[in-house]
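structure00.json follows (JSON, C-alpha atoms):
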[["chain", "number", "residue", "atom", "x", "y", "z"],
["A", 898, "MET", "CA", 13.34, 5.05, 0.18],
["A", 899, "THR", "CA", 10.38, 4.30, 2.42],
["A", 900, "ASN", "CA", 10.86, 4.71, 6.16],
["A", 901, "ARG", "CA", 10.60, 1.00, 6.97],
["A", 902, "ILE", "CA", 9.41, 1.15, 10.59],
["A", 903, "THR", "CA", 7.78, -2.27, 10.10],
["A", 904, "GLU", "CA", 11.26, -3.75, 9.61],
["A", 905, "SER", "CA", 12.95, -1.84, 12.45],
["A", 906, "GLU", "CA", 14.55, -3.53, 15.45],
["A", 907, "SER", "CA", 12.21, -4.83, 18.18],
["A", 908, "ASN", "CA", 12.10, -2.96, 21.48],
["A", 909, "TYR", "CA", 12.80, -6.34, 23.13],
["A", 910, "ASN", "CA", 15.84, -8.60, 22.86],
["A", 911, "HIS", "CA", 17.04, -12.05, 23.95],
["A", 912, "LEU", "CA", 13.49, -13.34, 23.48],
["A", 913, "GLU", "CA", 14.71, -16.93, 23.70],
["A", 914, "LYS", "CA", 15.82, -16.28, 27.28],
["A", 915, "MET", "CA", 12.44, -14.94, 28.44],
["A", 916, "SER", "CA", 9.90, -17.00, 30.39],
["A", 917, "VAL", "CA", 6.52, -17.77, 28.81],
["A", 918, "ALA", "CA", 4.90, -15.12, 31.06],
["A", 919, "GLU", "CA", 7.46, -12.48, 30.03],
["A", 920, "LEU", "CA", 6.90, -13.24, 26.34],
["A", 921, "LEU", "CA", 3.12, -13.06, 26.66],
["A", 922, "ILE", "CA", 3.22, -9.82, 28.67],
["A", 923, "GLY", "CA", 5.61, -8.27, 26.13],
["A", 924, "ILE", "CA", 3.39, -9.20, 23.17],
["A", 925, "ASN", "CA", 0.30, -7.96, 25.01],
["A", 926, "ASN", "CA", 1.95, -4.64, 25.90],
["A", 927, "GLU", "CA", 2.76, -4.09, 22.23],
["A", 928, "ASP", "CA", -0.78, -5.08, 21.19],
["A", 929, "LYS", "CA", -2.25, -2.46, 23.54],
["A", 930, "THR", "CA", -0.73, 0.29, 21.40],
["A", 931, "VAL", "CA", -2.47, -0.77, 18.18],
["A", 932, "ALA", "CA", -5.93, 0.69, 18.79],
["A", 933, "PHE", "CA", -4.39, 4.10, 19.58],
["A", 934, "ALA", "CA", -2.47, 4.01, 16.28],
["A", 935, "VAL", "CA", -5.74, 3.17, 14.45],
["A", 936, "GLU", "CA", -7.50, 6.06, 16.23],
["A", 937, "LYS", "CA", -5.07, 8.54, 14.65],
["A", 938, "ALA", "CA", -6.07, 7.25, 11.20],
["A", 939, "ILE", "CA", -9.85, 7.70, 11.64],
["A", 940, "PRO", "CA", -10.02, 10.86, 9.46],
["A", 941, "GLN", "CA", -8.33, 8.90, 6.63],
["A", 942, "ILE", "CA", -10.62, 5.89, 7.14],
["A", 943, "GLU", "CA", -13.66, 8.20, 7.08],
["A", 944, "LYS", "CA", -12.83, 9.55, 3.60],
["A", 945, "LEU", "CA", -12.29, 6.04, 2.26],
["A", 946, "VAL", "CA", -15.55, 4.69, 3.74],
["A", 947, "GLU", "CA", -17.57, 7.59, 2.33],
["A", 948, "THR", "CA", -16.15, 6.91, -1.13],
["A", 949, "ILE", "CA", -16.88, 3.17, -0.95],
["A", 950, "ALA", "CA", -20.47, 3.71, 0.24],
["A", 951, "GLU", "CA", -21.09, 6.28, -2.51],
["A", 952, "ASN", "CA", -19.70, 3.94, -5.17],
["A", 953, "MET", "CA", -21.66, 0.96, -3.87],
["A", 954, "LYS", "CA", -24.89, 2.93, -4.08],
["A", 955, "LYS", "CA", -24.09, 3.28, -7.81],
["A", 956, "GLY", "CA", -23.71, -0.49, -8.12],
["A", 957, "GLY", "CA", -19.97, -0.67, -7.41],
["A", 958, "ARG", "CA", -18.06, -3.38, -5.59],
["A", 959, "LEU", "CA", -15.23, -3.33, -3.06],
["A", 960, "PHE", "CA", -11.95, -5.15, -3.78],
["A", 961, "TYR", "CA", -9.27, -5.92, -1.22],
["A", 962, "LEU", "CA", -5.92, -6.65, -2.85],
["A", 963, "GLY", "CA", -2.92, -7.86, -0.85],
["A", 964, "ALA", "CA", -0.06, -10.31, -0.44],
["A", 965, "GLY", "CA", 0.72, -12.72, 2.39],
["A", 966, "THR", "CA", -0.91, -11.89, 5.74],
["A", 967, "SER", "CA", -2.40, -8.68, 4.30],
["A", 968, "GLY", "CA", -4.03, -10.59, 1.44],
["A", 969, "ARG", "CA", -5.42, -13.22, 3.83],
["A", 970, "LEU", "CA", -6.92, -10.56, 6.09],
["A", 971, "GLY", "CA", -8.71, -9.00, 3.11],
["A", 972, "ILE", "CA", -10.12, -12.39, 2.11],
["A", 973, "VAL", "CA", -11.36, -13.02, 5.67],
["A", 974, "ASP", "CA", -13.16, -9.67, 5.78],
["A", 975, "ALA", "CA", -14.69, -10.14, 2.32],
["A", 976, "SER", "CA", -15.88, -13.68, 3.09],
["A", 977, "GLU", "CA", -17.65, -12.54, 6.27],
["A", 978, "CYS", "CA", -19.81, -9.88, 4.57],
["A", 979, "PRO", "CA", -22.42, -12.21, 2.97],
["A", 980, "PRO", "CA", -23.22, -14.26, 6.11],
["A", 981, "THR", "CA", -23.17, -11.21, 8.39],
["A", 982, "TYR", "CA", -25.11, -8.76, 6.22],
["A", 983, "GLY", "CA", -26.91, -10.92, 3.65],
["A", 984, "VAL", "CA", -25.18, -9.26, 0.68],
["A", 985, "GLU", "CA", -24.33, -11.23, -2.47],
["A", 986, "HIS", "CA", -20.93, -12.92, -2.63],
["A", 987, "GLY", "CA", -19.54, -10.69, -5.36],
["A", 988, "LEU", "CA", -20.05, -7.38, -3.53],
["A", 989, "VAL", "CA", -16.85, -7.49, -1.45],
["A", 990, "ILE", "CA", -14.02, -9.46, -3.04],
["A", 991, "GLY", "CA", -10.65, -10.40, -1.53],
["A", 992, "ILE", "CA", -7.75, -11.11, -3.89],
["A", 993, "ILE", "CA", -4.34, -12.42, -2.79],
["A", 994, "ALA", "CA", -1.04, -12.49, -4.68],
["A", 995, "GLY", "CA", -0.43, -16.06, -5.83],
["A", 996, "GLY", "CA", -4.13, -16.91, -6.11],
["A", 997, "ASP", "CA", -6.35, -18.94, -3.80],
["A", 998, "LYS", "CA", -3.62, -21.49, -3.00],
["A", 999, "ALA", "CA", -1.72, -18.64, -1.30],
["A", 1000, "ILE", "CA", -4.48, -18.42, 1.34],
["A", 1001, "ARG", "CA", -3.09, -21.57, 3.00],
["A", 1002, "LYS", "CA", 0.50, -21.73, 1.78],
["A", 1003, "ALA", "CA", 2.90, -18.91, 0.97],
["A", 1004, "VAL", "CA", 3.63, -18.57, -2.77],
["A", 1005, "GLU", "CA", 7.24, -17.47, -3.26],
["A", 1006, "PHE", "CA", 7.82, -14.10, -4.94],
["A", 1007, "ALA", "CA", 4.10, -13.69, -5.83],
["A", 1008, "GLU", "CA", 4.05, -10.20, -4.30],
["A", 1009, "ASP", "CA", 7.01, -9.08, -6.47],
["A", 1010, "ASP", "CA", 5.05, -9.16, -9.76],
["A", 1011, "GLU", "CA", 3.97, -5.61, -10.57],
["A", 1012, "GLU", "CA", 1.68, -6.66, -13.46],
["A", 1013, "GLN", "CA", -0.27, -9.52, -11.84],
["A", 1014, "GLY", "CA", -2.45, -7.48, -9.44],
["A", 1015, "TRP", "CA", -4.08, -5.59, -12.30],
["A", 1016, "LYS", "CA", -4.52, -8.81, -14.30],
["A", 1017, "ASP", "CA", -6.25, -10.41, -11.30],
["A", 1018, "LEU", "CA", -8.61, -7.42, -11.01],
["A", 1019, "GLN", "CA", -9.44, -7.53, -14.73],
["A", 1020, "GLU", "CA", -10.72, -11.09, -14.34],
["A", 1021, "HIS", "CA", -13.56, -9.53, -12.34],
["A", 1022, "LEU", "CA", -14.34, -6.99, -15.10],
["A", 1023, "ILE", "CA", -13.45, -4.15, -12.76],
["A", 1024, "ASN", "CA", -15.01, -0.78, -13.64],
["A", 1025, "ALA", "CA", -15.20, 2.87, -12.56],
["A", 1026, "ASN", "CA", -17.96, 2.23, -9.97],
["A", 1027, "ASP", "CA", -15.69, -0.13, -8.01],
["A", 1028, "THR", "CA", -13.22, 0.71, -5.23],
["A", 1029, "VAL", "CA", -9.89, -1.08, -4.76],
["A", 1030, "ILE", "CA", -8.04, -1.12, -1.43],
["A", 1031, "GLY", "CA", -4.42, -2.26, -1.51],
["A", 1032, "ILE", "CA", -3.33, -3.87, 1.77],
["A", 1033, "THR", "CA", 0.38, -4.15, 2.53],
["A", 1034, "ALA", "CA", 2.08, -3.58, 5.89],
["A", 1035, "SER", "CA", 5.32, -2.30, 4.35],
["A", 1036, "GLY", "CA", 3.49, -0.27, 1.70],
["A", 1037, "THR", "CA", 5.95, -1.50, -0.92],
["A", 1038, "ALA", "CA", 4.53, -4.76, -2.37],
["A", 1039, "PRO", "CA", 4.88, -4.43, -6.18],
["A", 1040, "TYR", "CA", 1.77, -6.63, -6.70],
["A", 1041, "VAL", "CA", -0.35, -4.01, -4.88],
["A", 1042, "LEU", "CA", 1.49, -0.92, -6.11],
["A", 1043, "GLY", "CA", 1.24, -1.86, -9.78],
["A", 1044, "ALA", "CA", -2.49, -2.58, -9.48],
["A", 1045, "LEU", "CA", -3.26, 0.74, -7.76],
["A", 1046, "LYS", "CA", -1.39, 2.70, -10.43],
["A", 1047, "LYS", "CA", -3.39, 0.97, -13.18],
["A", 1048, "CYS", "CA", -6.66, 1.59, -11.30],
["A", 1049, "ASN", "CA", -5.85, 5.30, -11.07],
["A", 1050, "GLU", "CA", -5.22, 5.41, -14.83],
["A", 1051, "ALA", "CA", -8.58, 3.66, -15.42],
["A", 1052, "GLY", "CA", -10.50, 6.10, -13.20],
["A", 1053, "ILE", "CA", -11.14, 3.55, -10.43],
["A", 1054, "ALA", "CA", -11.15, 4.79, -6.81],
["A", 1055, "THR", "CA", -8.17, 3.52, -4.81],
["A", 1056, "GLY", "CA", -7.44, 3.20, -1.10],
["A", 1057, "SER", "CA", -4.69, 1.55, 0.89],
["A", 1058, "ILE", "CA", -3.96, 0.22, 4.38],
["A", 1059, "THR", "CA", -0.27, 0.43, 5.26],
["A", 1060, "CYS", "CA", 1.87, 0.57, 8.41],
["A", 1061, "ASN", "CA", 4.86, 2.65, 7.26],
["A", 1062, "PRO", "CA", 4.61, 6.43, 6.83],
["A", 1063, "GLY", "CA", 4.94, 7.85, 3.30],
["A", 1064, "SER", "CA", 5.16, 4.48, 1.52],
["A", 1065, "PRO", "CA", 4.90, 4.11, -2.29],
["A", 1066, "VAL", "CA", 1.51, 2.35, -1.98],
["A", 1067, "ALA", "CA", 0.08, 5.14, 0.22],
["A", 1068, "GLN", "CA", 1.38, 7.71, -2.25],
["A", 1069, "ALA", "CA", -0.28, 5.86, -5.12],
["A", 1070, "ALA", "CA", -3.66, 5.54, -3.35],
["A", 1071, "GLN", "CA", -6.24, 8.32, -3.60],
["A", 1072, "PHE", "CA", -7.46, 7.47, -0.08],
["A", 1073, "PRO", "CA", -4.50, 6.14, 1.91],
["A", 1074, "VAL", "CA", -4.89, 4.85, 5.47],
["A", 1075, "GLU", "CA", -1.59, 4.78, 7.36],
["A", 1076, "VAL", "CA", -1.53, 3.06, 10.76],
["A", 1077, "VAL", "CA", 2.01, 3.34, 12.10],
["A", 1078, "VAL", "CA", 2.27, 0.76, 14.90],
["A", 1079, "GLY", "CA", 6.05, 0.82, 15.31],
["A", 1080, "PRO", "CA", 8.50, -2.09, 15.56],
["A", 1081, "GLU", "CA", 7.13, -5.61, 15.97],
["A", 1082, "PHE", "CA", 7.81, -7.77, 19.08],
["A", 1083, "VAL", "CA", 9.68, -10.16, 16.79],
["A", 1084, "THR", "CA", 11.60, -7.89, 14.41],
["A", 1085, "GLY", "CA", 9.84, -7.65, 11.03],
["A", 1086, "SER", "CA", 6.99, -10.06, 11.93],
["A", 1087, "THR", "CA", 4.22, -7.92, 10.46],
["A", 1088, "ARG", "CA", 1.55, -10.57, 11.04],
["A", 1089, "MET", "CA", 1.60, -9.27, 14.63],
["A", 1090, "LYS", "CA", 0.82, -5.58, 15.36],
["A", 1091, "SER", "CA", 0.63, -4.59, 11.69],
["A", 1092, "GLY", "CA", -1.76, -7.48, 10.97],
["A", 1093, "THR", "CA", -3.88, -6.59, 14.00],
["A", 1094, "ALA", "CA", -4.05, -2.96, 12.85],
["A", 1095, "GLN", "CA", -5.12, -4.01, 9.35],
["A", 1096, "LYS", "CA", -7.80, -6.33, 10.77],
["A", 1097, "LEU", "CA", -9.19, -3.52, 12.94],
["A", 1098, "VAL", "CA", -9.30, -1.12, 9.97],
["A", 1099, "LEU", "CA", -10.95, -3.72, 7.73],
["A", 1100, "ASN", "CA", -13.60, -4.35, 10.42],
["A", 1101, "MET", "CA", -14.24, -0.61, 10.61],
["A", 1102, "ILE", "CA", -14.49, -0.21, 6.83],
["A", 1103, "SER", "CA", -16.83, -3.12, 6.05],
["A", 1104, "THR", "CA", -19.03, -2.62, 9.13],
["A", 1105, "THR", "CA", -19.49, 1.11, 8.56],
["A", 1106, "VAL", "CA", -20.14, 0.65, 4.83],
["A", 1107, "MET", "CA", -22.77, -2.02, 5.51],
["A", 1108, "ILE", "CA", -24.50, 0.16, 8.11],
["A", 1109, "LYS", "CA", -24.55, 3.05, 5.62],
["A", 1110, "LEU", "CA", -26.06, 0.70, 3.02],
["A", 1111, "GLY", "CA", -28.95, -0.03, 5.42],
["A", 1112, "ARG", "CA", -27.86, -3.54, 6.38],
["A", 1113, "VAL", "CA", -28.23, -2.94, 10.13],
["A", 1114, "LYS", "CA", -31.42, -1.93, 11.98],
["A", 1115, "GLY", "CA", -30.94, -0.43, 15.42],
["A", 1116, "ASN", "CA", -27.81, -2.36, 16.31],
["A", 1117, "ARG", "CA", -28.77, -5.70, 14.77],
["A", 1118, "MET", "CA", -27.77, -7.79, 11.76],
["A", 1119, "VAL", "CA", -31.30, -8.08, 10.36],
["A", 1120, "ASP", "CA", -30.12, -9.50, 7.02],
["A", 1121, "MET", "CA", -27.68, -12.14, 8.35],
["A", 1122, "GLN", "CA", -27.74, -15.58, 6.72],
["A", 1123, "LEU", "CA", -29.42, -18.21, 8.90],
["A", 1124, "SER", "CA", -26.67, -20.74, 8.31],
["A", 1125, "ASN", "CA", -26.59, -22.55, 11.67],
["A", 1126, "ASN", "CA", -28.72, -23.21, 14.77],
["A", 1127, "LYS", "CA", -27.04, -20.48, 16.81],
["A", 1128, "LEU", "CA", -27.92, -17.85, 14.18],
["A", 1129, "ILE", "CA", -31.48, -19.15, 13.82],
["A", 1130, "ASP", "CA", -31.87, -18.88, 17.60],
["A", 1131, "ARG", "CA", -30.39, -15.35, 17.60],
["A", 1132, "GLY", "CA", -32.67, -14.35, 14.73],
["A", 1133, "THR", "CA", -35.73, -15.81, 16.45],
["A", 1134, "LYS", "CA", -35.01, -13.75, 19.56],
["A", 1135, "MET", "CA", -34.63, -10.60, 17.43],
["A", 1136, "VAL", "CA", -38.05, -11.25, 15.85],
["A", 1137, "MET", "CA", -39.57, -11.99, 19.30],
["A", 1138, "ASP", "CA", -38.19, -8.73, 20.63],
["A", 1139, "GLU", "CA", -39.33, -6.66, 17.65],
["A", 1140, "LEU", "CA", -42.84, -8.15, 17.39],
["A", 1141, "LYS", "CA", -43.37, -8.81, 21.13],
["A", 1142, "THR", "CA", -44.36, -12.38, 20.36],
["A", 1143, "ASP", "CA", -43.47, -15.87, 21.66],
["A", 1144, "TYR", "CA", -40.47, -17.96, 20.56],
["A", 1145, "GLU", "CA", -42.46, -20.47, 18.51],
["A", 1146, "THR", "CA", -44.34, -17.82, 16.47],
["A", 1147, "ALA", "CA", -41.12, -15.86, 15.87],
["A", 1148, "ASN", "CA", -39.27, -19.02, 14.85],
["A", 1149, "GLU", "CA", -41.98, -19.99, 12.35],
["A", 1150, "LEU", "CA", -41.99, -16.50, 10.83],
["A", 1151, "LEU", "CA", -38.20, -16.52, 10.55],
["A", 1152, "LYS", "CA", -38.03, -19.92, 8.87],
["A", 1153, "LYS", "CA", -40.83, -19.01, 6.49],
["A", 1154, "HIS", "CA", -39.39, -15.65, 5.40],
["A", 1155, "GLY", "CA", -35.66, -16.39, 5.62],
["A", 1156, "SER", "CA", -34.40, -13.23, 7.32],
["A", 1157, "VAL", "CA", -35.09, -11.19, 10.45],
["A", 1158, "ARG", "CA", -36.00, -8.15, 8.34],
["A", 1159, "LYS", "CA", -38.55, -10.03, 6.22],
["A", 1160, "ALA", "CA", -39.99, -11.90, 9.21],
["A", 1161, "VAL", "CA", -40.54, -8.65, 11.11],
["A", 1162, "GLU", "CA", -42.13, -6.96, 8.08],
["A", 1163, "ALA", "CA", -44.46, -9.95, 7.58],
["A", 1164, "GLY", "CA", -45.41, -10.10, 11.26],
["A", 1165, "LYS", "CA", -46.39, -6.44, 11.63]]

Show me the file's structure as structure tokens.
Amino acid sequence: MTNRITESESNYNHLEKMSVAELLIGINNEDKTVAFAVEKAIPQIEKLVETIAENMKKGGRLFYLGAGTSGRLGIVDASECPPTYGVEHGLVIGIIAGGDKAIRKAVEFAEDDEEQGWKDLQEHLINANDTVIGITASGTAPYVLGALKKCNEAGIATGSITCNPGSPVAQAAQFPVEVVVGPEFVTGSTRMKSGTAQKLVLNMISTTVMIKLGRVKGNRMVDMQLSNNKLIDRGTKMVMDELKTDYETANELLKKHGSVRKAVEAGK
């Protein structure tokens, strides 16, 4: 049986008797520990990122597969890759147990179906160049576990992000990432520290992969989508800085060529 630290008793009690300040300080004190737990997992994250980048260079995609909060976090990270890095929408894909309706409203028992995760992946014609990361705080969700086992059988690279040591999902993954954050402030509420840890790891994975794929120049998002005035202004200033030109010229170049990278190349 998995060591279910995520379900263990909170270090705090009688929460209903605490003042607002006491509650906020308690939550914040717990949150401060999360980044240190992630730090311990960096060697594991490194192996997973290297595999994803290698596979993507061969035309592979990245799939995040999860249930509940974990599934939602994967979808958030996947949806932010195209606007931030200018990649196509199908390159990083988030899948949640219960389908898209589960993004907003919990679907009862969706995570308990061991067959459905693999079926959901097959709808995307998953292949051996792809990488699948199962996300589950407990490391026990059958939806994720079943899918990772099938991926392994099909020769597809598998990773996981879990918050219990030695969980079934981590054991099934070829590249497990285990971030053990300890008991939650509210016992078993894994949307708190566990969710924060998963979000940090997802940020690290997608950002590092995109940098390794050449989607960042210097420290800037040169391929970001110009989808609002703030981003057009930011892009214009990047072009100004790079070409040592005035705002108007940079803005015209940016609007004409559609990305910072292309505007800079055209203006040189």

Exercise for the section: Can you work out which one of A:Lys1165, A:Ile990, A:Lys1134, A:Gly1111 has the shortest atom-to-atom distance to Glu1020 of chain A, counting only C-alpha atoms? Expected result: A:Ile990

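Nearest to Ser1035 of chain A of all the residues A:Gly996, A:Gly957, A:Pro940, A:Gly963 is A:Gly963, based on all atoms listed in the file.
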
Problem - Contacts of Ala1054 of chain A within 12 Å, only C-alpha atoms, excl. fewer than 2 positions in-chain, as a VMD selection string - result: chain A and resid 944 to 953 957 to 960 1023 to 1031 1044 to 1052 1056 to 1057 1069 to 1073

Handout entry: Top pick for closest residue to Asn910 of chain A, considering A:Gln1068, A:Thr1084, A:Thr1037, A:Gln1013 and counting only C-alpha atoms
Key = A:Thr1084

Exercise for the section: Show which residues sit within 12 Å of Ile1000 of chain A, as a ChimeraX atom specification. Count only C-alpha atoms, and ignore same-chain residues fewer than 3 positions away. Expected result: /A:963-973,991-997,1003-1004

Fill in the blank from the handout: Students should find that atom CA of Thr930 of chain A and atom CA of Arg1001 of chain A are spaced 28.7 Å

Report, as lines of an AutoDock Vina configuration file, the centre and edge lengths in Å (one decimal) of the axis-aligned box enclosing every listed atom of segment 989-1007 of chain A, padded by 5 Å on each side.
center_x = -4.5
center_y = -14.6
center_z = -1.6
size_x = 34.7
size_y = 24.2
size_z = 19.1

Fill in the blank from the handout: The residue from A:Ile924, A:Ala1038, A:Asn1100, A:Gly1079 with the smallest atom-to-atom distance to Glu1012 of chain A, counting all atoms listed in the file, is A:Ala1038

Residue contacts of Val1113 of chain A (10 Å, all atoms listed in the file) excluding same-chain residues fewer than 6 positions away, as a PDB file with C-alpha atoms, in the coordinates of the input:
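This is the output file part-v7.pdb:
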ATOM      1  CA  THR A 981     -23.170 -11.210   8.390  1.00  0.00           C
ATOM      2  CA  TYR A 982     -25.110  -8.760   6.220  1.00  0.00           C
ATOM      3  CA  THR A1104     -19.030  -2.620   9.130  1.00  0.00           C
ATOM      4  CA  THR A1105     -19.490   1.110   8.560  1.00  0.00           C
ATOM      5  CA  MET A1107     -22.770  -2.020   5.510  1.00  0.00           C
ATOM      6  CA  VAL A1119     -31.300  -8.080  10.360  1.00  0.00           C
ATOM      7  CA  ASP A1120     -30.120  -9.500   7.020  1.00  0.00           C
ATOM      8  CA  MET A1121     -27.680 -12.140   8.350  1.00  0.00           C
ATOM      9  CA  ARG A1158     -36.000  -8.150   8.340  1.00  0.00           C
TER      10      ARG A1158
END

Practice task
Please measure the separation of atom CA of Asn926 of chain A and atom CA of Ile939 of chain A, giving the value in Å to one decimal.
Solution key: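 A separation of 22.2 Å between them.
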
Fill in the blank from the handout: Correct to one decimal, the distance atom CA of Ala999 of chain A-atom CA of Val1041 of chain A is 15.1 Å

Practice task
Please identify all polymer residues within 12 Å of segment 911-914 of chain A, counting all atoms listed in the file, omitting same-chain residues fewer than 2 positions from it, and present them as a list in words.
Solution key: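 What passes the distance filter is Ser907, Asn908, Tyr909, Ser916, Val917, Ala918, Glu919, Leu920, Leu921, Gly923, Ile924, Phe1082, Val1083 and Thr1084 of chain A.
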
Exercise for the section: Name all residues at most 10 Å from Leu1150 of chain A (count all atoms listed in the file; drop same-chain ones fewer than 5 positions away) and give them as a PyMOL selection string. Expected result: chain A and resi 1133+1136-1137+1144-1145+1155-1157+1159-1164

Exercise for the section: Compare A:Ser1124, A:Arg1117, A:Gly1085, A:Glu1139 by their minimum atom-to-atom distance to Ser905 of chain A, counting only C-alpha atoms, and give me the closest one. Expected result: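 Under the stated criterion, the closest residue is A:Gly1085.
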
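The smallest atom-to-atom distance between Gly1043 of chain A and any of A:Asn1061, A:Leu962, A:Ser1091, A:Cys978, using all atoms listed in the file, is found for A:Leu962.
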